[in-house]
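Report on the following structure.
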Amino acid sequence: MIRTILKSSEYRRRFKQGAKAVLCVMLVFLLTSCSALISINESGYDSIPSELPTPDVETPLAPVGDVTEGEIYRANIYSISSDGLTLAPSIRVMWLTGADSLSERLSEEALRTPTLPGGAPIAPANSALAYVEDGNGIATISIRPGEHMSEGKSQAFLASAMASTLLEIEEISGVNVLVSGRAMEYMSLPIGTVTRENASLEKMIQDASDDFSHVSSGSQTEWRLVRNVTLYYPSPDGKYVVPEIKRLQFDTSDYASSIVRALSSRGDDEFLLPGVPLASDALTEKCRYVQENGENILEIRFSGDIVNAIDESAVERWQFLASVVLSTTTFCPNTDGVRVFVGKSMVTSVPDKGGEYMSFANGVIRRNDFAGRIAVPVKVYFENIAGKLSYEVKAVPLSEADSVRTRLRLLMEGPDTYGFVRTVPEGILPSDILGTGVSGSIASVNLSSEAYRLAQELTKEEEKMFVYSIVNTLTEIDGINGVRIYIDGRETDTLAGNIWLRGVLLPNPGLSAD
C-alpha cells in the first residue's frame with residue numbers, strides 16, 4: 001500500500017517536470033515568433049507587418065455598410081392635463097434605431113393619445129406629422145390636422161406642448177410649429193421660434209397677453225414686438241441655406257419687411273452669407289397679402305437693383321429666394337406661399353447652381369420648393385500652414401448632419417480655405433469607406449486595404465495629421481467621443497509605423513490650433 005502511494009507520487013513529480021519543460025519551449029517559440037513579425041524601439045515600429053494582425057477577440061466587429069445600434073430612450077411627452085388648462089408630462093419608453101430621427105419620433109409620440117389619466121390630445125383627432133426639419137439646433141415641425149384646428153388657445157397648447165417635448169433634447173435650442181405648413185399665431189400675434197425661456201404654456205400666454213395689450217393700446221409710432229425668428233442664410237458653396245435663430249424687434253405689423261431687412265446682414269456664424277445682398281432700398285413698397293383660391297399669398301416687391309446685387313455677391317439667385325421664402329413662411333402667420341416681384345416682373349423661375357431651372361406655378365413659391373436645400377454647418381479638420389489641425393465649416397443636408405460617412409467624404413474632398421492642406425492621402429476615395437458605425441459614444445470606420453497601402457508611405461507627421469483629422473472631425477458629431485479605425489474588417493496596429501491604432505482613439509488637443 002505504501003509502495004503504491006510512493007510510486008504514484010513519483011509519477012506526479014515527473015509529470016510536472018515534463019510539463020514545465022514543454023511550457024518553456026512554447027514560450028520561447030512564441031517570443032521568437034513575435035519578434036520576427038514586429039520589432040519595436042523607442043521611436044515606434046521599425047517595420048510594418050506584411051499581413052494585418054489577427055483581431056483582438058474583445059474588439060467589436062467592424063461595420064460593413066452604415067450601421068448604428070439601437071437604444072432604449074425615455075422621454076417626457078407633454079399633453080393637456082385633466083383640468084384642460086395646463087400641460088403635464090408623461091414618460092414614454094421607446095426603442096430608437098440608427099435610422100430614427102429623435103425629433104421625428106418625439107413629435108409622433110406627442111400627437112398620439114395622451115397617457116395622462118383624463119388628459120386630452122394637443123391636436124385634433126387623426127392629426128399626423130407632415131415633416132420635420134431638424135438641424136443647427138432648430139426643429140421645425142409641420143402638423144397635418146385631421147380636423148379643422150381653431151385659432152387661439154388651441155394653437156398655444158400645440159406650440160407649447162410640442163416645443164416642451166422637443167426642447168428636452170439637449171441639442172435643440174428652438175422649435176417652430178407649423179400647421180399645414182403655416183406659421184401659427186396666438187392673440188393675433190405670431191408665436192415665432194419657441195425656446196426654453198418661453199416654452200411653458202403659462203409663459204407663452206402671459207407674454208402674448210402683455211404684447212397684445214401694448215400693441216392694441218399704443219399708436220403706430222409706438223408699435224413694438226420682440227420675437228425669436230428663424231432666419232435662413234446662404235452657404236458660400238451655393239448649394240444650401242442654413243437656419244439660425246435671431247431675436248428681432250418689429251416696429252410694424254409688416255413682419256415680412258422687417259425679416260427682409262434682417263436678412264441683409266450676415267448670420268451669427270461668419271461662414272454664412274447675407275440672404276438679401278442689398279443693405280438699403282431692397283423693397284419698393286410694404287409687403288401685402290392677397291387671397292387666391294382660399295390661400296394667403298404674401299407678395300414681396302424688390303427693386304430691380306437686387307439682381308445686380310445678387311450677381312455681384314457669392315449668393316446664388318435661388319438662395320436669395322430660399323432665404324426670403326423660408327424665413328417669412330416660418331414666422332409670418334397663416335402664409336401659404338410667397339410671390340416675389342423684381343421691378344415690375346414676377347419671378348416664375350430661377351436657375352440653381354447646377355444650371356437647371358426651378359419653376360413656380362403662377363409665381364407662388366412655397367416652403368416645399370426648397371425641400372432638401374436646407375443644411376447645417378459642420379466642422380471638418382485639415383492641416384493649416386502652421387502644421388496644426390484647424391477646422392473648416394462646410395454645409396451638409398439636414399438628413400446627413402450626423403452621418404459618419406458624410407464627414408469622411410468631406411475630408412476626402414479637401415479644404416476650400418487658402419493655406420489649408422488635405423490630410424487624406426491622394427488616391428483614397430469615398431469607395432474606400434467599407435463601413436461606418438456608431439455604438440454608444442464610439443464611431444467606427446472600416447477602410448479598405450487600398451487605403452492602408454496608400455497610407456504606408458506617409459511620414460510621421462502626415463500619418464498623425466491623417467489619423468487625427470478623422471478623429472477630430474468625427475468627434476464633432478453630437479454624442480461621439482472616440483473613434484475606432486479598422487482595415488478590411490480588422491484592427492491594425494498602425495498605418496505607417498507611428499500612431500498606435502488598436503483601441504479607441506480620442507481627440508488630441510495638442511494637434512489642434514482651435
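If you're wondering about the labels, chains in the C-alpha cells are A, B, ... by order shown, residues count from 1 in each chain, ligands from 1 in order shown.
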
Residues of range 255-311 of chain A within 8 Å of range 340-358 of chain A: nearest atom pair and distance (Å, one decimal) for each, counting only C-alpha atoms, sorted by chain and number, as a Markdown table?
| residue | atom | partner | partner_atom | distance |
| --- | --- | --- | --- | --- |
| A:Glu299 | CA | A:Val340 | CA | 6.0 |
| A:Ile300 | CA | A:Val340 | CA | 5.0 |
| A:Arg301 | CA | A:Phe341 | CA | 4.6 |
| A:Phe302 | CA | A:Val342 | CA | 4.9 |
| A:Ser303 | CA | A:Gly343 | CA | 4.9 |
| A:Gly304 | CA | A:Gly343 | CA | 4.5 |
| A:Ile306 | CA | A:Val342 | CA | 7.4 |
| A:Val307 | CA | A:Val342 | CA | 7.8 |

* Asked: Closest to Thr492 in chain A among A:Ser81, A:Ser448, A:Asn228, A:Thr328, using only C-alpha atoms?
  -> A:Ser448

Neighbours of Ile80 in chain A within 6 Å (only C-alpha atoms; same-chain residues fewer than 6 positions away dropped), as a compact mmCIF listing (two decimals) with N, CA, C and O atoms, in the first residue's frame?
# COMPACT_ATOMS: atom_id res chain seq x y z
N THR A 86 -53.84 73.29 -18.36
CA THR A 86 -52.38 73.26 -18.25
C THR A 86 -51.83 72.06 -19.03
O THR A 86 -52.58 71.19 -19.49
N LEU A 87 -50.51 72.03 -19.14
CA LEU A 87 -49.82 70.91 -19.77
C LEU A 87 -49.09 70.12 -18.70
O LEU A 87 -48.63 70.67 -17.70
N GLY A 119 -56.39 63.08 -19.60
CA GLY A 119 -55.72 64.07 -20.43
C GLY A 119 -56.32 64.15 -21.82
O GLY A 119 -57.03 63.25 -22.27
N ALA A 120 -56.04 65.26 -22.49
CA ALA A 120 -56.57 65.48 -23.84
C ALA A 120 -55.41 65.63 -24.82
O ALA A 120 -54.34 66.10 -24.46

* To do: Write out as a ChimeraX atom specification each polymer residue whose atoms come within 12 Å of Tyr255 in chain A, counting only C-alpha atoms; drop sequence neighbours fewer than 2 positions from it.
  => /A:189-190,192,224-227,229,248-253,257-262,286-289,298,300,324,327-333,335

Based on the selection just made, write N, CA and C atoms of those residues as an mmCIF file, in the first residue's frame.
data_model
loop_
_atom_site.group_PDB
_atom_site.id
_atom_site.type_symbol
_atom_site.label_atom_id
_atom_site.label_comp_id
_atom_site.auth_asym_id
_atom_site.auth_seq_id
_atom_site.Cartn_x
_atom_site.Cartn_y
_atom_site.Cartn_z
ATOM 1 N N LEU A 189 -51.062 87.526 -32.791
ATOM 2 C CA LEU A 189 -49.639 87.836 -32.873
ATOM 3 C C LEU A 189 -48.860 86.561 -33.179
ATOM 4 N N PRO A 190 -47.796 86.667 -33.971
ATOM 5 C CA PRO A 190 -47.009 85.468 -34.304
ATOM 6 C C PRO A 190 -46.361 84.871 -33.063
ATOM 7 N N GLY A 192 -43.694 82.664 -33.272
ATOM 8 C CA GLY A 192 -42.259 82.670 -33.522
ATOM 9 C C GLY A 192 -41.585 81.388 -33.073
ATOM 10 N N ARG A 224 -44.340 98.039 -30.979
ATOM 11 C CA ARG A 224 -43.124 97.268 -30.735
ATOM 12 C C ARG A 224 -43.495 95.813 -30.448
ATOM 13 N N LEU A 225 -42.783 94.922 -31.062
ATOM 14 C CA LEU A 225 -42.974 93.493 -30.787
ATOM 15 C C LEU A 225 -41.622 92.806 -30.927
ATOM 16 N N VAL A 226 -41.245 92.010 -29.944
ATOM 17 C CA VAL A 226 -39.972 91.302 -29.974
ATOM 18 C C VAL A 226 -40.246 89.796 -30.021
ATOM 19 N N ARG A 227 -39.627 89.116 -30.964
ATOM 20 C CA ARG A 227 -39.840 87.674 -31.109
ATOM 21 C C ARG A 227 -38.544 86.989 -31.539
ATOM 22 N N VAL A 229 -36.948 84.576 -34.140
ATOM 23 C CA VAL A 229 -37.270 84.268 -35.533
ATOM 24 C C VAL A 229 -36.181 83.369 -36.108
ATOM 25 N N LEU A 248 -35.498 89.419 -33.005
ATOM 26 C CA LEU A 248 -35.799 90.603 -33.797
ATOM 27 C C LEU A 248 -36.849 91.471 -33.119
ATOM 28 N N GLN A 249 -36.708 92.773 -33.316
ATOM 29 C CA GLN A 249 -37.726 93.723 -32.874
ATOM 30 C C GLN A 249 -38.486 94.215 -34.092
ATOM 31 N N PHE A 250 -39.801 94.102 -34.036
ATOM 32 C CA PHE A 250 -40.654 94.538 -35.131
ATOM 33 C C PHE A 250 -41.295 95.873 -34.756
ATOM 34 N N ASP A 251 -41.126 96.856 -35.616
ATOM 35 C CA ASP A 251 -41.689 98.174 -35.380
ATOM 36 C C ASP A 251 -42.996 98.386 -36.140
ATOM 37 N N THR A 252 -43.426 97.371 -36.840
ATOM 38 C CA THR A 252 -44.654 97.435 -37.620
ATOM 39 C C THR A 252 -45.217 96.027 -37.767
ATOM 40 N N SER A 253 -46.492 95.942 -38.070
ATOM 41 C CA SER A 253 -47.109 94.630 -38.276
ATOM 42 C C SER A 253 -46.763 94.040 -39.634
ATOM 43 N N SER A 257 -41.391 92.630 -44.172
ATOM 44 C CA SER A 257 -40.412 93.676 -44.499
ATOM 45 C C SER A 257 -39.288 93.700 -43.472
ATOM 46 N N SER A 258 -39.639 93.524 -42.193
ATOM 47 C CA SER A 258 -38.615 93.511 -41.149
ATOM 48 C C SER A 258 -37.689 92.313 -41.317
ATOM 49 N N ILE A 259 -38.235 91.179 -41.724
ATOM 50 C CA ILE A 259 -37.418 89.981 -41.929
ATOM 51 C C ILE A 259 -36.478 90.170 -43.110
ATOM 52 N N VAL A 260 -36.976 90.767 -44.195
ATOM 53 C CA VAL A 260 -36.115 91.026 -45.360
ATOM 54 C C VAL A 260 -34.958 91.928 -44.965
ATOM 55 N N ARG A 261 -35.229 92.962 -44.184
ATOM 56 C CA ARG A 261 -34.150 93.857 -43.748
ATOM 57 C C ARG A 261 -33.138 93.120 -42.875
ATOM 58 N N ALA A 262 -33.622 92.232 -42.013
ATOM 59 C CA ALA A 262 -32.710 91.462 -41.153
ATOM 60 C C ALA A 262 -31.820 90.539 -41.982
ATOM 61 N N LYS A 286 -44.414 98.251 -49.039
ATOM 62 C CA LYS A 286 -44.708 97.309 -47.964
ATOM 63 C C LYS A 286 -45.177 95.971 -48.541
ATOM 64 N N CYS A 287 -44.889 94.915 -47.805
ATOM 65 C CA CYS A 287 -45.370 93.589 -48.217
ATOM 66 C C CYS A 287 -46.865 93.493 -47.916
ATOM 67 N N ARG A 288 -47.579 92.760 -48.752
ATOM 68 C CA ARG A 288 -49.028 92.641 -48.540
ATOM 69 C C ARG A 288 -49.500 91.248 -48.916
ATOM 70 N N TYR A 289 -50.703 90.910 -48.444
ATOM 71 C CA TYR A 289 -51.294 89.603 -48.724
ATOM 72 C C TYR A 289 -52.410 89.737 -49.749
ATOM 73 N N LEU A 298 -48.344 85.882 -49.785
ATOM 74 C CA LEU A 298 -47.588 87.067 -49.414
ATOM 75 C C LEU A 298 -46.844 87.598 -50.636
ATOM 76 N N ILE A 300 -44.050 90.178 -52.125
ATOM 77 C CA ILE A 300 -42.882 90.973 -51.742
ATOM 78 C C ILE A 300 -42.300 91.573 -53.011
ATOM 79 N N VAL A 324 -35.573 84.263 -48.366
ATOM 80 C CA VAL A 324 -36.757 85.094 -48.155
ATOM 81 C C VAL A 324 -37.986 84.238 -47.873
ATOM 82 N N SER A 327 -37.724 82.057 -44.501
ATOM 83 C CA SER A 327 -37.740 82.898 -43.302
ATOM 84 C C SER A 327 -39.132 83.489 -43.049
ATOM 85 N N THR A 328 -39.791 83.957 -44.104
ATOM 86 C CA THR A 328 -41.107 84.577 -43.914
ATOM 87 C C THR A 328 -42.183 83.537 -43.608
ATOM 88 N N THR A 329 -42.177 82.408 -44.300
ATOM 89 C CA THR A 329 -43.225 81.414 -44.059
ATOM 90 C C THR A 329 -43.047 80.711 -42.713
ATOM 91 N N THR A 330 -41.847 80.703 -42.163
ATOM 92 C CA THR A 330 -41.639 80.106 -40.846
ATOM 93 C C THR A 330 -42.191 81.006 -39.745
ATOM 94 N N PHE A 331 -42.222 82.316 -39.991
ATOM 95 C CA PHE A 331 -42.630 83.245 -38.934
ATOM 96 C C PHE A 331 -43.997 83.895 -39.175
ATOM 97 N N CYS A 332 -44.255 84.396 -40.381
ATOM 98 C CA CYS A 332 -45.473 85.170 -40.647
ATOM 99 C C CYS A 332 -46.699 84.256 -40.604
ATOM 100 N N PRO A 333 -47.662 84.522 -39.720
ATOM 101 C CA PRO A 333 -48.791 83.605 -39.529
ATOM 102 C C PRO A 333 -49.623 83.401 -40.794
ATOM 103 N N THR A 335 -49.360 81.962 -43.677
ATOM 104 C CA THR A 335 -48.845 82.241 -45.020
ATOM 105 C C THR A 335 -48.703 80.933 -45.789
#

* **Residue set, range 275-335 of chain A restricted to alpha helix (DSSP H), as a ChimeraX atom specification** => /A:305-312,317-331

Per residue of range 165-272 of chain A within 12 Å of range 90-113 of chain A, what are the shortest atom pair and its distance in Å to one decimal, counting only C-alpha atoms, with rows by chain and residue number, as a Markdown table?
| residue | atom | partner | partner_atom | distance |
| --- | --- | --- | --- | --- |
| A:Thr165 | CA | A:Leu106 | CA | 7.1 |
| A:Leu166 | CA | A:Ser103 | CA | 6.4 |
| A:Leu167 | CA | A:Ser103 | CA | 9.4 |
| A:Glu168 | CA | A:Leu106 | CA | 10.0 |
| A:Ile169 | CA | A:Ser103 | CA | 8.0 |
| A:Glu170 | CA | A:Ser103 | CA | 11.2 |
| A:Glu171 | CA | A:Ser103 | CA | 10.4 |
| A:Ile172 | CA | A:Ser103 | CA | 9.0 |
| A:Gly174 | CA | A:Ser103 | CA | 11.9 |
| A:Val175 | CA | A:Ser103 | CA | 10.3 |
| A:Asn176 | CA | A:Ser107 | CA | 12.0 |
| A:Val177 | CA | A:Ser107 | CA | 10.3 |

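Comparing A:Ser280, A:Ser265, A:Asn296, A:Ser444 by their smallest distance to Gly181 in chain A, the closest is A:Asn296 (using only C-alpha atoms).
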
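Between Tyr486 in chain A and the residues A:Ser449, A:Ser150, A:Ser173, A:Asn384, the shortest atom-to-atom distance, using only C-alpha atoms, involves A:Ser449.
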
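Of the residues under consideration (A:Met162, A:Pro507, A:Phe320, A:Arg144), A:Met162 shows the shortest atom-to-atom contact distance to Pro89 in chain A when counting only C-alpha atoms.
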
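With only C-alpha atoms as the atoms that count, the residue of A:Ser399, A:Ser439, A:Ser213, A:Thr59 with the shortest distance to Gly503 in chain A is A:Thr59.
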
Which residues are near range 269-273 of chain A? Cut-off 9 Å, only C-alpha atoms, ignore same chain within fewer than 3 positions. Put them as a compact mmCIF listing (two decimals) with N, CA and C atoms, in the first residue's frame.
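Once written, part13.txt looks like this:
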# COMPACT_ATOMS: atom_id res chain seq x y z
N TYR A 233 -29.91 81.54 -44.03
CA TYR A 233 -28.81 82.24 -44.69
C TYR A 233 -28.12 81.33 -45.70
N PRO A 234 -27.66 81.89 -46.83
CA PRO A 234 -26.96 81.08 -47.84
C PRO A 234 -25.60 80.58 -47.36
N SER A 235 -25.25 79.36 -47.77
CA SER A 235 -23.90 78.85 -47.56
C SER A 235 -23.03 79.30 -48.74
N PRO A 236 -21.74 79.53 -48.52
CA PRO A 236 -20.89 80.08 -49.59
C PRO A 236 -20.64 79.14 -50.75
N VAL A 241 -29.09 76.56 -47.82
CA VAL A 241 -29.34 77.64 -46.87
C VAL A 241 -29.34 77.01 -45.48
N VAL A 242 -28.90 77.79 -44.49
CA VAL A 242 -28.71 77.27 -43.13
C VAL A 242 -29.53 78.11 -42.15
N GLU A 244 -30.75 79.88 -38.60
CA GLU A 244 -30.24 80.43 -37.35
C GLU A 244 -31.38 81.14 -36.63
N SER A 264 -30.44 91.16 -44.70
CA SER A 264 -29.39 91.90 -45.41
C SER A 264 -28.07 91.87 -44.65
N SER A 265 -28.08 91.38 -43.40
CA SER A 265 -26.86 91.22 -42.61
C SER A 265 -26.48 89.75 -42.55
N ARG A 266 -25.23 89.48 -42.26
CA ARG A 266 -24.76 88.10 -42.12
C ARG A 266 -25.40 87.43 -40.90
N VAL A 276 -30.16 88.61 -48.38
CA VAL A 276 -30.59 89.70 -49.27
C VAL A 276 -29.40 90.65 -49.39
N PRO A 277 -28.58 90.49 -50.43
CA PRO A 277 -27.33 91.28 -50.53
C PRO A 277 -27.56 92.70 -51.03
N ALA A 314 -21.66 86.44 -53.62
CA ALA A 314 -21.42 84.99 -53.74
C ALA A 314 -22.71 84.19 -53.59
N VAL A 315 -23.84 84.90 -53.57
CA VAL A 315 -25.14 84.25 -53.36
C VAL A 315 -25.76 83.87 -54.69
N PRO A 377 -24.32 73.65 -40.64
CA PRO A 377 -22.87 73.78 -40.71
C PRO A 377 -22.18 72.70 -39.89
N VAL A 393 -15.56 75.18 -41.88
CA VAL A 393 -17.00 74.96 -41.79
C VAL A 393 -17.55 74.64 -43.18
N LYS A 394 -18.29 73.55 -43.26
CA LYS A 394 -18.94 73.16 -44.51
C LYS A 394 -20.42 72.92 -44.23

* **All residues 10 Å or closer to range 424-432 of chain A, only C-alpha atoms, same chain fewer than 4 positions away omitted, as a ChimeraX atom specification** => /A:382,405-406,408-414,446-458,462-463,465-467,469-470,487-488

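If only C-alpha atoms are the atoms counted, then among A:Glu461, A:Glu312, A:Asp237, A:Asp336 the closest residue to Ser180 in chain A is A:Asp336.
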
* Asked: Could you pull out all residues of range 177-289 of chain A with a DSSP call of strand (DSSP E or B) and give them as a VMD selection string?
  -> chain A and resid 177 to 179 182 to 183 185 to 186 189 to 190 194 225 to 234 241 to 250 283 288 to 289
